[in-house]
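Encoded as structure tokens, the structure appears first; notes follow it.
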Amino acid sequence: FRANQGISIADNSTISARTSSGGKAGNITFLAPTLVVAGDARVLAETASTGDSGSIFVNAPTSVDLIRQDNLSPVLSVETSGAGKAGNITINTLSLSLSEQARITATATANATNPQGGGSITLNASNLNLAGIVGIFAETKGEAPAGTLRLNPYNNQPDLDIALTPNSKISASTSGSGKGGDLIVTAPQSITIAGSGKLAVETSNIGNAGNMNFTTQQLTLKDGVEISASTSGIGKAGEIGINAEKFTLSGGAKVATNTSSSGSAGNLTVQVNDQLFLTGRGTGLFATTTDNSTGIGGNIIIDPRLVQIEDGATIAVDSRGSGIGGNISLQASRLVLNQQGSITAKTASTTGGNISLNVKDLTLLRRNSLISATAGTDKAGGNGGNINFDGKFIIALENEDSDISADAFSGTGGN
């Protein structure tokens, strides 16, 4: 489809490319300055047999607007429900918006058997706005693996801005035995993600979740955004990797790996050359296991030049189940905790996680800040984890009630 002015699809219209035999389905391509899909319209590329599905390509330099008001059926979708491979979705635009209940999906259903699995989604959009109960999903529900979900700026521009609202979600997941897809976010200069939505790699079954990676010079997460790698099944949660020059979290933003079952939580690795800055209560880096879980907690590994944690922000590993808690390993030139900033390793009943701090120049604690490894509750034992320091100076000002502690409720305290 080609147009000089723009393309609009509405009023329950459907554009589809399907195969139910051995033949390959065709591709669907849109070439126009703008694309609008609204009014319960759909664009689909699917396979239900051995033939491969087609792909969906959108080249709309100005904008793409996807609107779904009355149901949760996807607006753009590639799918395999047989032995054929699902196609891919590629969108190139300056501004991509999903509103109301719009979704973009690449799916391998429970009946899919192709070893290459669900299709991949690549969004090259400098401004990505999710406003509503909306989502972008690369997922598998069976034995076939999920595809990869990639977010990049348009036309090699330097910055990527993602705006989220409550109930909006960008996810690569598995609810079957197939491996979940990876979520890869890249921009040459900066990535800013704001709003109380969620980016996730997840598993709810025996399949392992994929990994999530951010690569940029400046990464900023704010206003309640949640970055999550989780398992609620027996599969292993994915890893989260962050590669940046500077990394800032504020306003309740969270980066977390967790398990609520017997699956192990993934690790969180933050490779920041210059500065890691966490500010605001509820803001932090977390590796957790939930109540009644048996999986092992993930580790948090950090290595910037300067780490600054303030105004109630935290770095924490927290095992609330019976699995062993994760560890925190931090390497930096300077570590500053201020105004109830904290680094904690906590377990409910088992051996506490360890905290290892290799700080070349200065560790400074101000105004009720805390470094703590604890284990056990009033109903359960467990030995406290250890806190290991390697560095020149630890300074905590008198009468400001900052603490360094390694405790256990009924077991042996850590060293």
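The way I read the labels, and the way they are meant: chains A, B, ... in the order of the structure tokens, residue 1 as the first residue of every chain, and ligand 1 as the first ligand shown, with later ones counted on from there.
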
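Non-sequential neighbours of Ala287 (chain A) (distance at most 9 Å, separation of 5 or more positions within a chain, only C-alpha atoms) are Val255, Ala256, Thr257, Asn258, Thr259, Ala265, Gly266, Asn267, Leu268, Gly297, Gly298, Asn299, Ile300, Ile315, Ala316, Val317, Asp318, Ser319, Gly325, Gly326 and Asn327 of chain A.
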
Export of the given selection (C-alpha atoms) as a short mmCIF file (atom, residue, chain, number, x, y, z; two decimals), in the first residue's frame:
data_model
loop_
_atom_site.label_atom_id
_atom_site.label_comp_id
_atom_site.auth_asym_id
_atom_site.auth_seq_id
_atom_site.Cartn_x
_atom_site.Cartn_y
_atom_site.Cartn_z
CA VAL A 255 14.55 -2.38 37.87
CA ALA A 256 13.91 -5.88 39.22
CA THR A 257 14.47 -9.59 38.72
CA ASN A 258 12.17 -11.84 40.73
CA THR A 259 10.65 -15.27 41.17
CA ALA A 265 15.45 -15.21 39.51
CA GLY A 266 17.85 -13.79 36.96
CA ASN A 267 20.82 -11.52 37.60
CA LEU A 268 20.82 -7.75 37.22
CA GLY A 297 17.24 -15.10 44.29
CA GLY A 298 19.14 -13.21 41.62
CA ASN A 299 22.36 -11.24 42.07
CA ILE A 300 22.94 -7.52 41.50
CA ILE A 315 19.61 -1.38 46.03
CA ALA A 316 18.19 -4.59 47.50
CA VAL A 317 18.11 -8.37 47.28
CA ASP A 318 15.15 -9.77 49.21
CA SER A 319 14.29 -13.47 49.53
CA GLY A 325 18.95 -14.98 48.75
CA GLY A 326 20.97 -13.26 46.07
CA ASN A 327 24.13 -11.20 46.55
#

- prompt: So which residues touch region 47-56 of chain A within 9 Å, counting only C-alpha atoms, skipping near sequence neighbours fewer than 4 positions away, as a PyMOL selection string?
  reply: chain A and resi 17-30+43+76-91+112+114+119

- prompt: Got a sec: who's within 9 Å of Gly391 (chain A), counting only C-alpha atoms, leaving out chain neighbours fewer than 4 positions off, as an NGL selection string?
  reply: :A and (333 or 357-363)

task: Please provide as a ChimeraX atom specification all residues within 12 Å of Val37 (chain A), with the sequence filter that same-chain residues fewer than 3 positions apart are discarded (counting only C-alpha atoms).
output: /A:6-15,30,34,40-43,58,63-69,74-76,96-99,102-104

- request: Choose the residue, out of A:Gly176, A:Pro188, A:Pro33, A:Pro166, that has the smallest atom-to-atom separation from Ser126 (chain A); count only C-alpha atoms.
  value: A:Pro188

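Of the listed residues (A:Arg334, A:Lys246, A:Lys254, A:Arg2), A:Lys246 comes nearest to Gln271 (chain A); the distances count only C-alpha atoms.
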
- prompt: A:Ser168, A:Ser228, A:Asn208, A:Asn92: which is nearest Thr122 (chain A), counting only C-alpha atoms?
  reply: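 Of all the options, A:Asn92 lies closest to Thr122 (chain A).
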
- prompt: What is the CA of Leu94 (chain A) to CA of Asn127 (chain A) distance in Å?
  reply: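 Taking CA of Leu94 (chain A) as the start and CA of Asn127 (chain A) as the end point, the length is 6.3 Å.
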